[in-house]
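Peer 1: The following file, query01.cif, comprises mmCIF, C-alpha atoms; chains and numbers go by the auth columns:
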data_start
#
loop_
_atom_site.group_PDB
_atom_site.id
_atom_site.type_symbol
_atom_site.label_atom_id
_atom_site.label_comp_id
_atom_site.label_asym_id
_atom_site.label_seq_id
_atom_site.Cartn_x
_atom_site.Cartn_y
_atom_site.Cartn_z
_atom_site.B_iso_or_equiv
_atom_site.auth_seq_id
_atom_site.auth_asym_id
ATOM 1 C CA MET A 1 131.716 169.987 127.646 0.00 1241 Y
ATOM 2 C CA SER A 2 129.691 168.733 124.699 0.00 1242 Y
ATOM 3 C CA LEU A 3 125.936 168.293 124.962 0.00 1243 Y
ATOM 4 C CA ILE A 4 125.968 165.677 122.193 0.00 1244 Y
ATOM 5 C CA THR A 5 125.433 162.184 123.555 0.00 1245 Y
ATOM 6 C CA SER A 6 125.465 158.793 121.942 0.00 1246 Y
ATOM 7 C CA GLU A 7 122.175 157.291 120.881 0.00 1247 Y
ATOM 8 C CA VAL A 8 121.344 153.797 122.000 0.00 1248 Y
ATOM 9 C CA MET A 9 118.823 152.334 119.626 0.00 1249 Y
ATOM 10 C CA LYS A 10 116.583 149.417 120.524 0.00 1250 Y
ATOM 11 C CA ASN A 11 114.430 147.414 118.190 0.00 1251 Y
ATOM 12 C CA LEU A 12 111.252 145.572 119.114 0.00 1252 Y
ATOM 13 C CA SER A 13 113.116 142.450 120.264 0.00 1253 Y
ATOM 14 C CA GLY A 14 115.162 144.494 122.750 0.00 1254 Y
ATOM 15 C CA ASP A 15 118.423 144.262 120.766 0.00 1255 Y
ATOM 16 C CA GLN A 16 120.503 147.402 121.006 0.00 1256 Y
ATOM 17 C CA LYS A 17 123.330 149.173 119.242 0.00 1257 Y
ATOM 18 C CA MET A 18 125.082 152.463 119.876 0.00 1258 Y
ATOM 19 C CA ILE A 19 125.284 154.846 116.934 0.00 1259 Y
ATOM 20 C CA HIS A 20 126.928 158.180 117.677 0.00 1260 Y
ATOM 21 C CA PRO A 21 124.837 161.146 116.467 0.00 1261 Y
ATOM 22 C CA LEU A 22 127.847 162.593 114.633 0.00 1262 Y
ATOM 23 C CA SER A 23 128.083 159.518 112.406 0.00 1263 Y
ATOM 24 C CA ASP A 24 126.273 159.029 109.084 0.00 1264 Y
ATOM 25 C CA VAL A 25 124.917 155.475 109.160 0.00 1265 Y
ATOM 26 C CA GLN A 26 122.747 154.905 106.094 0.00 1266 Y
ATOM 27 C CA SER A 27 122.645 151.106 106.411 0.00 1267 Y
ATOM 28 C CA SER A 28 119.863 149.350 108.277 0.00 1268 Y
ATOM 29 C CA GLN A 29 122.046 146.230 108.536 0.00 1269 Y
ATOM 30 C CA ILE A 30 123.952 147.005 111.739 0.00 1270 Y
ATOM 31 C CA GLY A 31 124.125 144.119 114.208 0.00 1271 Y
ATOM 32 C CA THR A 32 123.097 143.860 117.841 0.00 1272 Y
ATOM 33 C CA ASN A 33 125.447 145.391 120.425 0.00 1273 Y
ATOM 34 C CA THR A 34 127.563 147.051 117.744 0.00 1274 Y
ATOM 35 C CA ASN A 35 129.087 150.447 118.537 0.00 1275 Y
ATOM 36 C CA VAL A 36 129.560 153.031 115.778 0.00 1276 Y
ATOM 37 C CA TRP A 37 131.510 156.067 116.948 0.00 1277 Y
ATOM 38 C CA GLN A 38 131.614 159.663 115.691 0.00 1278 Y
ATOM 39 C CA PHE A 39 132.489 160.709 112.142 0.00 1279 Y
ATOM 40 C CA VAL A 40 131.833 157.249 110.678 0.00 1280 Y
ATOM 41 C CA VAL A 41 130.108 156.943 107.293 0.00 1281 Y
ATOM 42 C CA ILE A 42 128.401 153.650 106.416 0.00 1282 Y
ATOM 43 C CA LEU A 43 126.672 153.511 103.021 0.00 1283 Y
ATOM 44 C CA PRO A 44 123.194 151.939 102.620 0.00 1284 Y
ATOM 45 C CA LYS A 45 124.091 148.426 101.414 0.00 1285 Y
ATOM 46 C CA ALA A 46 126.975 147.743 103.822 0.00 1286 Y
ATOM 47 C CA ARG A 47 126.409 145.001 106.419 0.00 1287 Y
ATOM 48 C CA ILE A 48 127.982 144.933 109.882 0.00 1288 Y
ATOM 49 C CA GLY A 49 127.518 142.009 112.266 0.00 1289 Y
ATOM 50 C CA ASP A 50 126.864 141.766 115.998 0.00 1290 Y
ATOM 51 C CA ASP A 51 129.181 142.933 118.801 0.00 1291 Y
ATOM 52 C CA CYS A 52 131.414 145.021 116.537 0.00 1292 Y
ATOM 53 C CA ASN A 53 133.295 148.180 117.464 0.00 1293 Y
ATOM 54 C CA ILE A 54 133.655 150.700 114.643 0.00 1294 Y
ATOM 55 C CA CYS A 55 135.897 153.516 115.873 0.00 1295 Y
ATOM 56 C CA SER A 56 135.798 157.129 114.720 0.00 1296 Y
ATOM 57 C CA HIS A 57 136.694 158.427 111.259 0.00 1297 Y
ATOM 58 C CA CYS A 58 135.927 155.233 109.313 0.00 1298 Y
ATOM 59 C CA PHE A 59 134.190 154.865 105.942 0.00 1299 Y
ATOM 60 C CA PHE A 60 132.408 151.770 104.563 0.00 1300 Y
ATOM 61 C CA GLU A 61 131.229 151.580 100.951 0.00 1301 Y
ATOM 62 C CA ASN A 62 128.139 149.618 99.839 0.00 1302 Y
ATOM 63 C CA ASP A 63 129.648 146.237 98.912 0.00 1303 Y
ATOM 64 C CA VAL A 64 131.239 145.702 102.333 0.00 1304 Y
ATOM 65 C CA ASP A 65 130.372 142.761 104.565 0.00 1305 Y
ATOM 66 C CA ILE A 66 131.652 142.704 108.171 0.00 1306 Y
ATOM 67 C CA GLY A 67 131.221 139.645 110.402 0.00 1307 Y
ATOM 68 C CA HIS A 68 130.606 139.442 114.145 0.00 1308 Y
ATOM 69 C CA ARG A 69 132.925 140.669 116.940 0.00 1309 Y
ATOM 70 C CA VAL A 70 135.070 142.701 114.542 0.00 1310 Y
ATOM 71 C CA THR A 71 137.083 145.712 115.704 0.00 1311 Y
ATOM 72 C CA VAL A 72 137.853 148.434 113.163 0.00 1312 Y
ATOM 73 C CA LYS A 73 140.085 151.117 114.675 0.00 1313 Y
ATOM 74 C CA CYS A 74 140.162 154.806 113.686 0.00 1314 Y
ATOM 75 C CA GLY A 75 140.911 155.978 110.172 0.00 1315 Y
ATOM 76 C CA VAL A 76 140.048 152.844 108.172 0.00 1316 Y
ATOM 77 C CA GLN A 77 138.211 152.911 104.838 0.00 1317 Y
ATOM 78 C CA LEU A 78 136.667 149.703 103.522 0.00 1318 Y
ATOM 79 C CA TRP A 79 135.919 149.828 99.801 0.00 1319 Y
ATOM 80 C CA ASP A 80 133.493 147.892 97.590 0.00 1320 Y
ATOM 81 C CA GLY A 81 134.462 144.227 97.363 0.00 1321 Y
ATOM 82 C CA THR A 82 135.708 143.852 100.948 0.00 1322 Y
ATOM 83 C CA THR A 83 134.602 140.973 103.184 0.00 1323 Y
ATOM 84 C CA VAL A 84 135.755 140.702 106.791 0.00 1324 Y
ATOM 85 C CA GLU A 85 134.882 137.484 108.625 0.00 1325 Y
ATOM 86 C CA ASP A 86 134.230 137.054 112.381 0.00 1326 Y
ATOM 87 C CA ASP A 87 136.644 138.030 115.188 0.00 1327 Y
ATOM 88 C CA VAL A 88 138.957 140.148 113.015 0.00 1328 Y
ATOM 89 C CA PHE A 89 141.022 143.084 114.309 0.00 1329 Y
ATOM 90 C CA ILE A 90 141.844 145.931 111.898 0.00 1330 Y
ATOM 91 C CA GLY A 91 144.288 148.417 113.414 0.00 1331 Y
ATOM 92 C CA PRO A 92 144.304 152.193 113.074 0.00 1332 Y
ATOM 93 C CA ASN A 93 144.829 153.675 109.616 0.00 1333 Y
ATOM 94 C CA VAL A 94 145.010 150.349 107.790 0.00 1334 Y
ATOM 95 C CA THR A 95 144.670 151.100 104.075 0.00 1335 Y
ATOM 96 C CA PHE A 96 142.644 148.877 101.745 0.00 1336 Y
ATOM 97 C CA SER A 97 142.415 149.258 97.970 0.00 1337 Y
ATOM 98 C CA ASN A 98 140.137 147.602 95.417 0.00 1338 Y
ATOM 99 C CA ASP A 99 141.293 148.723 91.973 0.00 1339 Y
ATOM 100 C CA LYS A 100 144.572 147.384 90.509 0.00 1340 Y
ATOM 101 C CA TYR A 101 144.705 150.072 87.800 0.00 1341 Y
ATOM 102 C CA PRO A 102 142.960 153.178 89.199 0.00 1342 Y
ATOM 103 C CA ARG A 103 142.235 156.132 86.933 0.00 1343 Y
ATOM 104 C CA SER A 104 140.128 159.164 87.721 0.00 1344 Y
ATOM 105 C CA LYS A 105 136.536 158.765 86.501 0.00 1345 Y
ATOM 106 C CA ASN A 106 137.358 155.368 84.944 0.00 1346 Y
ATOM 107 C CA TYR A 107 135.761 152.560 86.950 0.00 1347 Y
ATOM 108 C CA PRO A 108 136.229 148.818 86.409 0.00 1348 Y
ATOM 109 C CA ASP A 109 133.199 146.671 85.625 0.00 1349 Y
ATOM 110 C CA GLU A 110 133.882 144.853 88.878 0.00 1350 Y
ATOM 111 C CA PHE A 111 136.194 145.726 91.766 0.00 1351 Y
ATOM 112 C CA SER A 112 138.763 143.260 93.113 0.00 1352 Y
ATOM 113 C CA ARG A 113 137.534 141.147 96.040 0.00 1353 Y
ATOM 114 C CA THR A 114 139.467 141.357 99.318 0.00 1354 Y
ATOM 115 C CA LEU A 115 138.840 138.732 102.003 0.00 1355 Y
ATOM 116 C CA ILE A 116 140.014 138.920 105.613 0.00 1356 Y
ATOM 117 C CA LYS A 117 139.355 135.511 107.153 0.00 1357 Y
ATOM 118 C CA GLN A 118 138.264 134.651 110.678 0.00 1358 Y
ATOM 119 C CA SER A 119 140.435 135.767 113.625 0.00 1359 Y
ATOM 120 C CA ALA A 120 143.014 137.556 111.472 0.00 1360 Y
ATOM 121 C CA SER A 121 144.693 140.718 112.798 0.00 1361 Y
ATOM 122 C CA ILE A 122 146.080 143.614 110.775 0.00 1362 Y
ATOM 123 C CA GLY A 123 148.474 146.033 112.494 0.00 1363 Y
ATOM 124 C CA ALA A 124 148.390 149.825 112.309 0.00 1364 Y
ATOM 125 C CA ASN A 125 149.202 151.509 109.001 0.00 1365 Y
ATOM 126 C CA ALA A 126 149.420 148.270 107.009 0.00 1366 Y
ATOM 127 C CA THR A 127 148.461 148.497 103.328 0.00 1367 Y
ATOM 128 C CA ILE A 128 146.395 145.728 101.724 0.00 1368 Y
ATOM 129 C CA LEU A 129 146.535 145.685 97.914 0.00 1369 Y
ATOM 130 C CA PRO A 130 143.462 144.732 95.814 0.00 1370 Y
ATOM 131 C CA GLY A 131 142.293 141.131 95.561 0.00 1371 Y
ATOM 132 C CA ILE A 132 144.210 139.881 98.617 0.00 1372 Y
ATOM 133 C CA THR A 133 143.072 137.112 100.982 0.00 1373 Y
ATOM 134 C CA ILE A 134 144.437 137.196 104.514 0.00 1374 Y
ATOM 135 C CA GLY A 135 144.066 133.715 106.005 0.00 1375 Y
ATOM 136 C CA THR A 136 142.407 132.476 109.167 0.00 1376 Y
ATOM 137 C CA GLY A 137 144.315 133.518 112.294 0.00 1377 Y
ATOM 138 C CA ALA A 138 146.990 135.317 110.244 0.00 1378 Y
ATOM 139 C CA MET A 139 148.695 138.445 111.527 0.00 1379 Y
ATOM 140 C CA VAL A 140 149.977 141.378 109.472 0.00 1380 Y
ATOM 141 C CA GLY A 141 152.616 143.484 111.229 0.00 1381 Y
ATOM 142 C CA ALA A 142 152.239 147.248 111.575 0.00 1382 Y
ATOM 143 C CA GLY A 143 153.285 149.186 108.489 0.00 1383 Y
ATOM 144 C CA SER A 144 153.499 146.121 106.262 0.00 1384 Y
ATOM 145 C CA VAL A 145 152.527 146.243 102.592 0.00 1385 Y
ATOM 146 C CA VAL A 146 150.625 143.084 101.649 0.00 1386 Y
ATOM 147 C CA THR A 147 151.130 142.358 97.940 0.00 1387 Y
ATOM 148 C CA LYS A 148 150.037 138.701 97.854 0.00 1388 Y
ATOM 149 C CA ASP A 149 147.765 136.332 99.784 0.00 1389 Y
ATOM 150 C CA VAL A 150 148.710 135.525 103.383 0.00 1390 Y
ATOM 151 C CA PRO A 151 148.293 131.849 104.397 0.00 1391 Y
ATOM 152 C CA ASP A 152 146.350 130.756 107.478 0.00 1392 Y
ATOM 153 C CA TYR A 153 148.185 131.498 110.761 0.00 1393 Y
ATOM 154 C CA ALA A 154 151.129 133.207 109.037 0.00 1394 Y
ATOM 155 C CA LEU A 155 152.799 136.244 110.610 0.00 1395 Y
ATOM 156 C CA VAL A 156 153.927 138.631 107.879 0.00 1396 Y
ATOM 157 C CA ILE A 157 155.948 141.849 108.142 0.00 1397 Y
ATOM 158 C CA GLY A 158 157.727 144.282 105.857 0.00 1398 Y
ATOM 159 C CA ASN A 159 157.448 145.841 102.421 0.00 1399 Y
ATOM 160 C CA PRO A 160 156.589 143.686 100.645 0.00 1400 Y
ATOM 161 C CA ALA A 161 155.208 141.593 103.507 0.00 1401 Y
ATOM 162 C CA LYS A 162 156.993 138.280 103.973 0.00 1402 Y
ATOM 163 C CA ILE A 163 156.217 135.330 106.228 0.00 1403 Y
ATOM 164 C CA ILE A 164 158.501 135.242 109.260 0.00 1404 Y
ATOM 165 C CA ARG A 165 156.781 132.413 111.122 0.00 1405 Y
ATOM 166 C CA TYR A 166 153.504 130.631 111.754 0.00 1406 Y
ATOM 167 C CA LEU A 167 151.340 131.286 114.827 0.00 1407 Y
ATOM 168 C CA LYS A 168 149.467 127.984 115.137 0.00 1408 Y
#
Go through the file and emit its structure as structure tokens.

Peer 2:
Amino acid sequence: MSLITSEVMKNLSGDQKMIHPLSDVQSSQIGTNTNVWQFVVILPKARIGDDCNICSHCFFENDVDIGHRVTVKCGVQLWDGTTVEDDVFIGPNVTFSNDKYPRSKNYPDEFSRTLIKQSASIGANATILPGITIGTGAMVGAGSVVTKDVPDYALVIGNPAKIIRYLK
């Protein structure tokens, strides 16, 4: 049995968050009642809202903004240029990208912006290409490859992802 236990941190106002000691959280912008599990890396300029659950083996770059009540399951990497609004679910091993023409040691002046709007859900192992917006309340099926914007409340599946119906 491991002797390592989770740390519950409280600030002066009594707000708390749980940051596992085996994570590397460099950001001071972690919201109240947010849980960060083991083997998570969060770079210094990333922002994570209140009541979030960041599961193990995740990585967040600096230019990442996460809203409130967001769940990020295991194995997700969020790269510079990613914004996730409130109440979003990101399933295990969802893959995001931010560079349309990646080359080793050759960085763009600015990375593509990816936006996941409020209450959207992304199923396990989906791939989100650079510069995509996933609309409010939209759902991306597991394993889908999203190559273009997803409208509000659309359910998309497949490779490439196609709308099969609306959820509203």

Peer 1: Which residues fall under the PyMOL selection byres ((chain Y and resi 1323-1325) around 7) in this file, as a list in words?

Peer 2: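 When the PyMOL selection byres ((chain Y and resi 1323-1325) around 7) is applied, the selected residues are Val1304, Asp1305, Ile1306, Gly1307, Gly1321, Thr1322, Asp1326, Asp1327, Val1328, Thr1354, Leu1355, Ile1356, Lys1357 and Gln1358 of chain Y.
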
Peer 1: Next, dump the selected residues to file, keeping only C-alpha atoms, as a PDB file, keeping the file's coordinate frame.

Peer 2:
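So selection-v3.pdb came out as:
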ATOM      1  CA  VAL Y1304     131.239 145.702 102.333  1.00  0.00           C
ATOM      2  CA  ASP Y1305     130.372 142.761 104.565  1.00  0.00           C
ATOM      3  CA  ILE Y1306     131.652 142.704 108.171  1.00  0.00           C
ATOM      4  CA  GLY Y1307     131.221 139.645 110.402  1.00  0.00           C
ATOM      5  CA  GLY Y1321     134.462 144.227  97.363  1.00  0.00           C
ATOM      6  CA  THR Y1322     135.708 143.852 100.948  1.00  0.00           C
ATOM      7  CA  ASP Y1326     134.230 137.054 112.381  1.00  0.00           C
ATOM      8  CA  ASP Y1327     136.644 138.030 115.188  1.00  0.00           C
ATOM      9  CA  VAL Y1328     138.957 140.148 113.015  1.00  0.00           C
ATOM     10  CA  THR Y1354     139.467 141.357  99.318  1.00  0.00           C
ATOM     11  CA  LEU Y1355     138.840 138.732 102.003  1.00  0.00           C
ATOM     12  CA  ILE Y1356     140.014 138.920 105.613  1.00  0.00           C
ATOM     13  CA  LYS Y1357     139.355 135.511 107.153  1.00  0.00           C
ATOM     14  CA  GLN Y1358     138.264 134.651 110.678  1.00  0.00           C
TER      15      GLN Y1358
END

Peer 1: For the PyMOL selection byres ((chain Y and resi 1401) around 8), applied here, can you spell out every residue it catches as a list in words?

Peer 2: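 Evaluating the PyMOL selection byres ((chain Y and resi 1401) around 8) on these coordinates yields Val1380, Ser1384, Val1385, Val1386, Thr1387, Val1396, Ile1397, Gly1398, Asn1399, Pro1400, Lys1402 and Ile1403 of chain Y.
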
Peer 1: Those same residues - C-alpha atoms - I'd like them written as a tab-separated table (two decimals), keeping the file's coordinate frame.

Peer 2:
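Contents of part-v9.tsv, freshly written:
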chain	number	residue	atom	x	y	z
Y	1380	VAL	CA	149.98	141.38	109.47
Y	1384	SER	CA	153.50	146.12	106.26
Y	1385	VAL	CA	152.53	146.24	102.59
Y	1386	VAL	CA	150.62	143.08	101.65
Y	1387	THR	CA	151.13	142.36	97.94
Y	1396	VAL	CA	153.93	138.63	107.88
Y	1397	ILE	CA	155.95	141.85	108.14
Y	1398	GLY	CA	157.73	144.28	105.86
Y	1399	ASN	CA	157.45	145.84	102.42
Y	1400	PRO	CA	156.59	143.69	100.64
Y	1402	LYS	CA	156.99	138.28	103.97
Y	1403	ILE	CA	156.22	135.33	106.23

Peer 1: The PyMOL selection byres ((chain Y and resi 1377) around 7) on the file shown: which residues, as a list of chain:residue names?

Peer 2: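 Residues picked by the PyMOL selection byres ((chain Y and resi 1377) around 7): Y:Gln1358, Y:Ser1359, Y:Ala1360, Y:Gly1375, Y:Thr1376, Y:Ala1378, Y:Met1379, Y:Asp1392, Y:Tyr1393.
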
Peer 1: For Thr1311 in chain Y, which residue among Y:Gln1266, Y:Tyr1341, Y:Ser1361, Y:Asn1273 is the nearest when counting all atoms listed in the file?

Peer 2: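 Using all atoms listed in the file, Thr1311 in chain Y sits closest to Y:Ser1361.
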
Peer 1: Compile the contact shell of Thr1335 in chain Y as a VMD selection string: residues with an atom at most 10 Å away, counting all atoms listed in the file, same-chain residues fewer than 2 positions apart removed.

Peer 2: chain Y and resid 1315 to 1319 1330 to 1333 1337 1364 to 1369 1383 1385

Peer 1: Just the number, please: distance in Å from CA of Ser1344 in chain Y to CA of Cys1314 in chain Y, one decimal.

Peer 2: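 Answer for the CA of Ser1344 in chain Y to CA of Cys1314 in chain Y separation: 26.3 Å.
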
Peer 1: Counting only C-alpha atoms, which of Y:Ser1267, Y:Ser1352, Y:Asn1346, Y:Gln1278 gets nearest to Cys1298 in chain Y?

Peer 2: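 Residue with the minimum atom-to-atom distance to Cys1298 in chain Y: Y:Gln1278.
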
Peer 1: Would you mind completing range 1319-1330 of chain Y to all heavy atoms and writing the output as a CSV table (one decimal), keeping the file's coordinate frame?

Peer 2:
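Saved result, result_19.csv, follows:
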chain,number,residue,atom,x,y,z
Y,1319,TRP,N,136.5,149.5,101.1
Y,1319,TRP,CA,135.9,149.8,99.8
Y,1319,TRP,C,135.1,148.7,99.3
Y,1319,TRP,O,135.2,147.5,99.8
Y,1319,TRP,CB,137.1,150.2,98.8
Y,1319,TRP,CG,137.9,151.3,99.4
Y,1319,TRP,CD1,139.2,151.1,99.8
Y,1319,TRP,CD2,137.6,152.6,99.6
Y,1319,TRP,NE1,139.7,152.3,100.3
Y,1319,TRP,CE2,138.7,153.3,100.2
Y,1319,TRP,CE3,136.4,153.4,99.4
Y,1319,TRP,CZ2,138.7,154.6,100.5
Y,1319,TRP,CZ3,136.5,154.7,99.7
Y,1319,TRP,CH2,137.6,155.3,100.3
Y,1320,ASP,N,134.3,148.9,98.2
Y,1320,ASP,CA,133.5,147.9,97.6
Y,1320,ASP,C,134.3,146.7,97.3
Y,1320,ASP,O,135.5,146.8,96.8
Y,1320,ASP,CB,132.9,148.4,96.3
Y,1320,ASP,CG,131.7,149.4,96.5
Y,1320,ASP,OD1,131.1,149.3,97.5
Y,1320,ASP,OD2,131.4,150.1,95.5
Y,1321,GLY,N,133.8,145.5,97.6
Y,1321,GLY,CA,134.5,144.2,97.4
Y,1321,GLY,C,135.2,143.7,98.6
Y,1321,GLY,O,135.9,142.7,98.5
Y,1322,THR,N,135.0,144.3,99.7
Y,1322,THR,CA,135.7,143.9,100.9
Y,1322,THR,C,134.8,143.0,101.8
Y,1322,THR,O,133.7,143.4,102.2
Y,1322,THR,CB,136.2,145.1,101.7
Y,1322,THR,OG1,137.0,145.9,100.9
Y,1322,THR,CG2,137.0,144.6,103.0
Y,1323,THR,N,135.3,141.8,102.2
Y,1323,THR,CA,134.6,141.0,103.2
Y,1323,THR,C,135.5,140.7,104.4
Y,1323,THR,O,136.7,140.3,104.2
Y,1323,THR,CB,134.2,139.6,102.5
Y,1323,THR,OG1,133.3,139.9,101.4
Y,1323,THR,CG2,133.5,138.7,103.6
Y,1324,VAL,N,135.0,140.9,105.6
Y,1324,VAL,CA,135.8,140.7,106.8
Y,1324,VAL,C,135.0,139.7,107.6
Y,1324,VAL,O,133.8,139.9,108.0
Y,1324,VAL,CB,135.9,142.0,107.6
Y,1324,VAL,CG1,136.6,141.8,108.9
Y,1324,VAL,CG2,136.7,143.1,106.7
Y,1325,GLU,N,135.6,138.5,107.9
Y,1325,GLU,CA,134.9,137.5,108.6
Y,1325,GLU,C,134.9,137.8,110.1
Y,1325,GLU,O,135.4,138.8,110.6
Y,1325,GLU,CB,135.5,136.1,108.3
Y,1325,GLU,CG,135.3,135.7,106.9
Y,1325,GLU,CD,135.8,134.3,106.5
Y,1325,GLU,OE1,136.5,133.7,107.3
Y,1325,GLU,OE2,135.5,133.8,105.4
Y,1326,ASP,N,134.4,136.9,110.9
Y,1326,ASP,CA,134.2,137.1,112.4
Y,1326,ASP,C,135.6,137.2,113.1
Y,1326,ASP,O,136.6,136.6,112.7
Y,1326,ASP,CB,133.5,135.9,113.0
Y,1326,ASP,CG,132.1,135.7,112.5
Y,1326,ASP,OD1,131.5,136.6,111.9
Y,1326,ASP,OD2,131.5,134.6,112.7
Y,1327,ASP,N,135.5,137.9,114.2
Y,1327,ASP,CA,136.6,138.0,115.2
Y,1327,ASP,C,137.9,138.6,114.6
Y,1327,ASP,O,139.0,138.3,115.1
Y,1327,ASP,CB,136.9,136.7,115.8
Y,1327,ASP,CG,135.7,136.1,116.5
Y,1327,ASP,OD1,135.2,136.7,117.4
Y,1327,ASP,OD2,135.3,135.0,116.1
Y,1328,VAL,N,137.8,139.5,113.6
Y,1328,VAL,CA,139.0,140.1,113.0
Y,1328,VAL,C,139.3,141.5,113.7
Y,1328,VAL,O,138.4,142.2,114.2
Y,1328,VAL,CB,138.7,140.4,111.5
Y,1328,VAL,CG1,139.7,141.3,110.9
Y,1328,VAL,CG2,138.6,139.0,110.8
Y,1329,PHE,N,140.6,141.8,113.8
Y,1329,PHE,CA,141.0,143.1,114.3
Y,1329,PHE,C,141.7,143.8,113.2
Y,1329,PHE,O,142.6,143.3,112.5
Y,1329,PHE,CB,142.0,142.9,115.5
Y,1329,PHE,CG,142.6,144.2,115.9
Y,1329,PHE,CD1,142.0,145.0,116.8
Y,1329,PHE,CD2,143.8,144.7,115.4
Y,1329,PHE,CE1,142.5,146.2,117.3
Y,1329,PHE,CE2,144.4,145.9,115.8
Y,1329,PHE,CZ,143.7,146.6,116.8
Y,1330,ILE,N,141.2,145.1,112.9
Y,1330,ILE,CA,141.8,145.9,111.9
Y,1330,ILE,C,142.3,147.2,112.6
Y,1330,ILE,O,141.6,147.9,113.2
Y,1330,ILE,CB,140.8,146.3,110.8
Y,1330,ILE,CG1,140.3,145.0,110.1
Y,1330,ILE,CG2,141.5,147.3,109.8
Y,1330,ILE,CD1,139.2,145.3,109.1
